[in-house]
>>> print(open('protein_8.txt').read())   # compact mmCIF, C-alpha atoms and all ligand atoms
# COMPACT_ATOMS: atom_id res chain seq x y z
CA MET A 807 0.00 0.00 0.00
CA SER A 808 1.42 3.37 -0.94
CA ARG A 809 2.42 5.82 1.74
CA THR A 810 1.30 9.44 2.03
CA ILE A 811 3.36 12.54 2.77
CA LEU A 812 2.21 16.13 3.26
CA ILE A 813 4.95 18.60 2.32
CA VAL A 814 4.34 22.16 3.51
CA GLY A 815 5.95 24.79 1.26
CA ALA A 816 6.64 22.90 -1.97
CA SER A 817 6.47 25.59 -4.67
CA ARG A 818 10.24 25.68 -5.20
CA GLY A 819 13.62 24.83 -3.67
CA LEU A 820 13.87 21.97 -1.18
CA GLY A 821 10.12 21.47 -0.82
CA LEU A 822 9.74 20.95 -4.55
CA GLY A 823 12.78 18.64 -4.50
CA LEU A 824 11.22 16.58 -1.70
CA ALA A 825 7.97 16.31 -3.65
CA ARG A 826 9.96 15.03 -6.64
CA GLN A 827 11.83 12.44 -4.51
CA PHE A 828 8.79 11.03 -2.72
CA SER A 829 6.63 11.02 -5.85
CA SER A 830 9.35 9.14 -7.80
CA GLN A 831 9.32 6.49 -5.05
CA GLY A 832 5.59 5.92 -5.49
CA TRP A 833 4.39 7.89 -2.47
CA GLN A 834 1.16 9.82 -2.56
CA VAL A 835 2.32 13.43 -2.22
CA ILE A 836 0.12 16.24 -0.94
CA ALA A 837 2.03 19.48 -1.45
CA THR A 838 1.05 22.89 -0.15
CA VAL A 839 1.82 26.15 -1.92
CA ARG A 840 0.73 29.70 -1.29
CA ASP A 841 -0.51 30.18 -4.85
CA PRO A 842 -1.65 27.03 -6.70
CA ALA A 843 -1.95 29.05 -9.93
CA ARG A 844 1.86 29.38 -9.90
CA ALA A 845 2.72 25.75 -9.13
CA ASP A 846 3.64 24.58 -12.64
CA ALA A 847 6.71 22.61 -11.53
CA LEU A 848 4.63 20.65 -9.02
CA LYS A 849 1.83 20.09 -11.51
CA ALA A 850 4.37 18.42 -13.81
CA LEU A 851 4.94 15.69 -11.20
CA ALA A 852 2.75 12.60 -11.45
CA GLY A 853 0.04 12.17 -8.85
CA VAL A 854 0.81 15.18 -6.67
CA ARG A 855 -2.22 16.72 -4.96
CA ILE A 856 -1.75 20.46 -4.56
CA GLU A 857 -3.33 22.34 -1.66
CA ALA A 858 -3.25 26.05 -0.85
CA LEU A 859 -1.71 27.18 2.43
CA GLU A 860 -0.36 30.44 3.77
CA LEU A 861 1.54 29.13 6.77
CA ASP A 862 1.23 32.38 8.72
CA ASP A 863 -2.55 32.52 8.42
CA ALA A 864 -4.59 30.59 11.00
CA ASP A 865 -7.72 30.64 8.79
CA SER A 866 -5.76 29.20 5.86
CA LEU A 867 -4.46 26.44 8.16
CA GLU A 868 -7.98 25.70 9.37
CA ARG A 869 -9.26 25.43 5.79
CA LEU A 870 -6.44 23.02 4.95
CA ALA A 871 -7.19 20.93 8.04
CA GLN A 872 -10.86 20.71 7.00
CA ARG A 873 -9.94 19.63 3.46
CA LEU A 874 -7.55 16.97 4.81
CA ALA A 875 -10.00 15.60 7.39
CA GLY A 876 -9.92 11.79 7.26
CA THR A 877 -6.58 11.66 5.42
CA GLN A 878 -3.95 9.52 7.13
CA LEU A 879 -0.40 10.79 6.81
CA ASP A 880 2.73 8.65 7.14
CA VAL A 881 4.88 11.78 7.10
CA LEU A 882 4.22 15.46 7.73
CA TYR A 883 7.17 17.49 6.44
CA VAL A 884 7.10 21.16 7.49
CA ASN A 885 9.59 22.69 5.08
CA ALA A 886 8.46 26.30 4.53
CA GLY A 887 10.73 28.98 5.92
CA ILE A 888 12.21 32.40 5.23
CA ALA A 889 15.69 33.91 5.54
CA GLY A 890 14.59 37.20 7.07
CA PRO A 891 16.63 40.43 6.96
CA GLN A 892 19.99 38.70 6.50
CA ASP A 893 21.61 41.77 4.97
CA LYS A 894 21.39 43.53 8.35
CA PRO A 895 23.12 42.96 11.70
CA ALA A 896 20.69 41.30 14.11
CA THR A 897 20.20 44.46 16.15
CA ALA A 898 19.46 46.60 13.07
CA ALA A 899 16.42 44.59 11.97
CA SER A 900 13.02 46.17 12.53
CA GLN A 901 10.54 44.86 15.05
CA MET A 902 8.28 43.82 12.17
CA GLU A 903 11.07 41.94 10.36
CA VAL A 904 12.03 40.07 13.52
CA GLY A 905 8.42 39.26 14.36
CA GLN A 906 7.79 37.95 10.85
CA LEU A 907 10.94 35.82 10.88
CA PHE A 908 10.25 34.18 14.24
CA PHE A 909 6.57 33.69 13.50
CA THR A 910 7.09 32.01 10.12
CA ASN A 911 10.16 29.96 11.04
CA ALA A 912 9.41 28.95 14.64
CA VAL A 913 5.81 29.43 15.75
CA ALA A 914 3.78 28.68 12.61
CA PRO A 915 5.44 25.29 11.85
CA VAL A 916 4.68 23.98 15.34
CA ARG A 917 1.16 25.42 15.31
CA LEU A 918 0.56 23.57 12.04
CA ALA A 919 1.92 20.32 13.49
CA GLU A 920 -0.35 20.65 16.52
CA ARG A 921 -3.40 21.18 14.29
CA LEU A 922 -2.60 18.30 11.90
CA LEU A 923 -1.29 15.91 14.58
CA PRO A 924 -4.39 13.64 14.52
CA LEU A 925 -3.75 12.86 10.84
CA VAL A 926 -0.24 11.62 11.60
CA GLU A 927 -0.98 9.93 14.92
CA GLN A 928 -3.36 7.47 13.27
CA LYS A 929 -0.38 6.12 11.34
CA GLN A 930 2.23 6.42 14.13
CA GLY A 931 4.11 8.43 11.56
CA VAL A 932 6.94 10.91 11.25
CA ILE A 933 6.86 14.69 11.63
CA VAL A 934 9.83 16.55 10.17
CA PHE A 935 10.59 20.20 10.88
CA MET A 936 13.06 21.86 8.53
CA SER A 937 15.64 23.26 10.89
CA SER A 938 19.24 24.29 10.13
CA ILE A 939 22.70 23.76 11.60
CA LEU A 940 22.56 27.53 12.20
CA GLY A 941 19.88 26.79 14.83
CA SER A 942 22.35 24.84 16.96
CA VAL A 943 23.09 26.94 20.05
CA GLU A 944 26.37 25.05 20.36
CA THR A 945 27.73 25.49 16.82
CA GLY A 946 25.48 28.02 15.03
CA PRO A 947 26.75 31.31 16.53
CA GLY A 948 29.59 32.66 14.38
CA MET A 949 28.42 30.83 11.24
CA GLY A 950 26.51 33.90 9.98
CA MET A 951 22.82 34.83 9.71
CA PRO A 952 22.41 35.19 13.51
CA LEU A 953 18.75 36.20 13.48
CA TYR A 954 17.82 33.39 11.11
CA GLY A 955 19.85 30.97 13.26
CA ALA A 956 18.03 32.20 16.36
CA SER A 957 14.68 31.63 14.64
CA LYS A 958 15.68 28.03 13.91
CA ALA A 959 16.95 27.62 17.50
CA ALA A 960 13.49 28.82 18.58
CA LEU A 961 11.95 26.25 16.23
CA ASN A 962 14.10 23.52 17.80
CA HIS A 963 13.08 24.69 21.29
CA LEU A 964 9.37 24.75 20.43
CA THR A 965 9.72 21.37 18.73
CA ARG A 966 11.13 19.89 21.94
CA SER A 967 8.18 21.34 23.87
CA PHE A 968 5.84 19.88 21.25
CA VAL A 969 7.51 16.47 21.63
CA ALA A 970 7.31 16.70 25.44
CA GLY A 971 3.59 17.32 25.05
CA LEU A 972 3.17 14.13 23.02
CA GLY A 973 3.74 12.01 26.13
CA GLU A 974 3.90 8.30 25.36
CA SER A 975 3.28 8.79 21.62
CA THR A 976 4.97 6.45 19.16
CA LEU A 977 5.45 9.28 16.66
CA THR A 978 8.94 10.02 15.38
CA VAL A 979 10.01 13.67 15.17
CA LEU A 980 13.02 14.91 13.21
CA SER A 981 14.61 18.37 13.25
CA MET A 982 16.39 18.28 9.88
CA HIS A 983 19.37 20.21 8.50
CA PRO A 984 19.34 19.90 4.69
CA GLY A 985 22.97 20.97 4.26
CA TRP A 986 23.81 24.26 2.55
CA VAL A 987 21.90 23.96 -0.69
CA LYS A 988 21.63 25.96 -3.94
CA THR A 989 18.12 27.40 -3.78
CA ASP A 990 16.69 30.92 -3.77
CA MET A 991 17.49 30.99 -0.06
CA GLY A 992 20.80 29.08 -0.08
CA GLY A 993 22.21 31.06 -3.04
CA SER A 994 24.46 30.00 -5.90
CA GLU A 995 27.60 29.62 -3.72
CA ALA A 996 26.11 26.69 -1.82
CA PRO A 997 28.01 23.42 -2.32
CA LEU A 998 25.00 21.08 -2.52
CA ASP A 999 22.33 20.75 -5.17
CA VAL A 1000 18.66 20.17 -4.37
CA GLU A 1001 18.74 16.62 -5.73
CA THR A 1002 21.59 15.49 -3.43
CA SER A 1003 20.10 17.11 -0.32
CA THR A 1004 16.55 15.93 -0.88
CA ARG A 1005 17.63 12.40 -1.81
CA GLY A 1006 19.54 12.21 1.48
CA MET A 1007 16.66 13.66 3.52
CA THR A 1008 14.19 11.27 1.90
CA GLU A 1009 16.37 8.33 2.94
CA GLN A 1010 16.58 9.64 6.51
CA VAL A 1011 12.81 10.13 6.74
CA ILE A 1012 12.03 6.65 5.43
CA ARG A 1013 14.61 5.16 7.81
CA ALA A 1014 12.99 7.00 10.74
CA ILE A 1015 9.54 5.43 10.25
CA GLY A 1016 8.63 3.47 13.36
CA GLN A 1017 11.76 4.45 15.30
CA GLY A 1018 10.09 6.89 17.70
CA GLY A 1019 11.83 9.70 19.59
CA HIS A 1020 13.14 13.09 18.47
CA ARG A 1021 16.44 13.61 16.66
CA TYR A 1022 18.31 16.63 15.27
CA LEU A 1023 20.23 15.41 12.25
CA ASP A 1024 21.54 16.39 8.84
CA PHE A 1025 20.58 15.08 5.39
CA GLN A 1026 23.18 12.32 5.71
CA GLY A 1027 21.87 11.17 9.08
CA ASN A 1028 24.68 12.68 11.16
CA PRO A 1029 23.43 13.76 14.62
CA LEU A 1030 23.81 17.49 15.38
CA PRO A 1031 24.48 19.13 18.76
CA TRP A 1032 21.51 21.10 20.12
P1 LIG K 1 13.32 28.78 -0.71
O1 LIG K 1 13.36 30.23 -0.34
O2 LIG K 1 13.87 28.35 -2.01
O3 LIG K 1 11.80 28.23 -0.58
C1 LIG K 1 11.06 28.53 0.56
C2 LIG K 1 9.72 27.83 0.47
O4 LIG K 1 8.97 28.15 1.65
C3 LIG K 1 8.90 28.29 -0.74
O5 LIG K 1 8.15 27.18 -1.21
C4 LIG K 1 7.99 29.34 -0.12
O6 LIG K 1 6.78 29.56 -0.82
C5 LIG K 1 7.71 28.69 1.22
N1 LIG K 1 7.21 29.65 2.20
C6 LIG K 1 7.90 30.66 2.79
N2 LIG K 1 7.10 31.35 3.62
C7 LIG K 1 5.87 30.76 3.55
C8 LIG K 1 4.62 31.02 4.17
N3 LIG K 1 4.45 32.03 5.03
N4 LIG K 1 3.57 30.22 3.86
C9 LIG K 1 3.71 29.19 3.00
N5 LIG K 1 4.87 28.89 2.38
C10 LIG K 1 5.94 29.68 2.66
O7 LIG K 1 14.07 28.05 0.49
P2 LIG K 1 14.77 26.61 0.59
O8 LIG K 1 14.08 25.66 -0.29
O9 LIG K 1 16.22 26.81 0.49
O10 LIG K 1 14.47 26.29 2.12
C11 LIG K 1 13.46 25.39 2.56
C12 LIG K 1 13.64 25.19 4.06
O11 LIG K 1 14.96 24.72 4.34
C13 LIG K 1 13.48 26.48 4.87
O12 LIG K 1 12.82 26.19 6.09
C14 LIG K 1 14.93 26.90 5.14
O13 LIG K 1 15.03 27.70 6.30
C15 LIG K 1 15.60 25.55 5.30
N6 LIG K 1 17.05 25.55 5.08
C16 LIG K 1 17.58 25.83 3.85
C17 LIG K 1 18.94 25.78 3.66
C18 LIG K 1 19.59 26.03 2.33
O14 LIG K 1 20.83 26.00 2.25
N7 LIG K 1 18.83 26.26 1.25
C19 LIG K 1 19.88 25.46 4.77
C20 LIG K 1 19.21 25.18 6.02
C21 LIG K 1 17.85 25.22 6.16
P3 LIG K 1 6.63 30.75 -1.93
O15 LIG K 1 7.19 30.23 -3.21
O16 LIG K 1 5.17 31.01 -1.98
O17 LIG K 1 7.42 31.94 -1.41
>>> encode(input="protein_8.txt", output="structure tokens")
Amino acid sequence: MSRTILIVGASRGLGLGLARQFSSQGWQVIATVRDPARADALKALAGVRIEALELDDADSLERLAQRLAGTQLDVLYVNAGIAGPQDKPATAASQMEVGQLFFTNAVAPVRLAERLLPLVEQKQGVIVFMSSILGSVETGPGMGMPLYGASKAALNHLTRSFVAGLGESTLTVLSMHPGWVKTDMGGSEAPLDVETSTRGMTEQVIRAIGQGGHRYLDFQGNPLPW
């Protein structure tokens, strides 16, 4: 029986790459985008169901949850994220820029996971949050993009609270670092291409099914320090 994955933020970059990987392995892929009218690359993939979602909007999340009612997910992959005002020192960013960054990268992904949890719990599945090595409090500082790193550290922190709230659940939760990848966000200097990163992450996700627990790891499965 084929497995089902919901990928949040799949219009381009790593989310689109993940959709390509899972669809090529015969998974049923449900992919969210902000604007389905501009999802041509996703539409070109066989059997991908496209759903609209603005991650920051609670009403949009509620509408998605209603449309997905009754669907059982093996994997929920929360990929969407933003870089924020990376051209500025952390203390020069505006209150609005900082609020937007932390809301989109840290709060909204966990809020979505809380809302869609029943769909994954029925399958004892896997929830993946797209983190970053820059979110490691131990190794991230000094690597650049301090505000972005702090937003991913906040995501890791909220993810651990989310996991603590699961109690005795048999769900598996991953906080994933994709590597530094050539995308709109990663830029052209990045050493990895989308195919290599997403192939590695797909392997890690499939390996994690049924394992339980919460791990912070990279696309090759190497554990990262919190
Ligand atoms: P891109 O900028 O290429 O793509 C970002 C994706 O997130 C797009 O699909 C975008 O949709 C979506 N998105 C952003 N904000 C929202 C929102 N509010 N609601 C819905 N969708 C949203 O980034 P990458 O593919 O490089 O990054 C994907 C994830 O990986 C991010 O979480 C990023 O932080 C993380 N990451 C990336 C690294 C890299 O080197 N590339 C390294 C470490 C982590 P739209 O097209 O509508 O804007």
>>> residues_near_point(input="protein_8.txt", point="(10.1, 18.1, -6.3)", cutoff="12 Å", atoms="all atoms listed in the file", output="PyMOL selection string")
chain A and resi 813+815-831+835-838+845-854+1000-1001+1003-1005+1008
>>> residues_around(input="protein_8.txt", residues="Phe909 of chain A", least_positions_apart="5", cutoff="12 Å", atoms="all atoms listed in the file", output="PyMOL selection string")
chain A and resi 861-864+886-888+890+901-904+914-918+954+956-958+960-961+964
>>> axis_aligned_box(input="protein_8.txt", around="ligand LIG 1 (chain K)", padding_each_side="3 Å", output="AutoDock Vina command-line options")
--center_x 12.2 --center_y 28.4 --center_z 1.5 --size_x 23.3 --size_y 13.3 --size_z 15.5
>>> closest_residue(input="protein_8.txt", among="A:Thr989, A:His1020, A:Ala843, A:Ala919", to="Glu868 of chain A", atoms="all atoms listed in the file")
A:Ala919
>>> closest_residue(input="protein_8.txt", among="A:Tyr883, A:Phe968, A:Tyr1022, A:Trp986", to="Met949 of chain A", atoms="all atoms listed in the file")
A:Trp986
>>> atom_distance(input="protein_8.txt", atom1="atom CA of Leu953 of chain A", atom2="atom CA of Arg1021 of chain A")
22.9 Å
>>> closest_residue(input="protein_8.txt", among="A:Ile856, A:Ala996, A:Leu923, A:Val943", to="ligand LIG 1 (chain K)", atoms="all atoms listed in the file")
A:Ala996
>>> residues_around(input="protein_8.txt", residues="Leu1023 of chain A", least_positions_apart="5", cutoff="10 Å", atoms="all atoms listed in the file", output="list in words")
Ser937, Ser938, Ile939, Leu980, Ser981, Met982, His983, Pro984, Met1007, Gln1010, Asn1028, Pro1029, Leu1030, Pro1031 and Trp1032 of chain A
>>> atom_distance(input="protein_8.txt", atom1="atom O8 of ligand LIG 1 (chain K)", atom2="atom CA of Asn911 of chain A")
12.7 Å
>>> residues_around(input="protein_8.txt", residues="Ile933 of chain A", least_positions_apart="6", cutoff="6 Å", atoms="all atoms listed in the file", output="PyMOL selection string")
chain A and resi 881-883+979
>>> closest_residue(input="protein_8.txt", among="A:Arg840, A:Gly985, A:Val1011, A:Asp893", to="Asp999 of chain A", atoms="only C-alpha atoms")
A:Gly985
>>> atom_distance(input="protein_8.txt", atom1="atom CA of Glu944 of chain A", atom2="atom CA of Arg966 of chain A")
16.2 Å
>>> closest_residue(input="protein_8.txt", among="A:Pro842, A:Gly973, A:Pro895, A:Gly876", to="ligand LIG 1 (chain K)", atoms="all atoms listed in the file")
A:Pro842
>>> closest_residue(input="protein_8.txt", among="A:Asn962, A:Ser900, A:Gln930, A:Ser942", to="Glu974 of chain A", atoms="only C-alpha atoms")
A:Gln930
>>> residues_near_point(input="protein_8.txt", point="(1.6, 11.4, 7.4)", cutoff="9 Å", atoms="only C-alpha atoms", output="VMD selection string")
chain A and resid 809 to 812 877 to 883 923 925 to 933
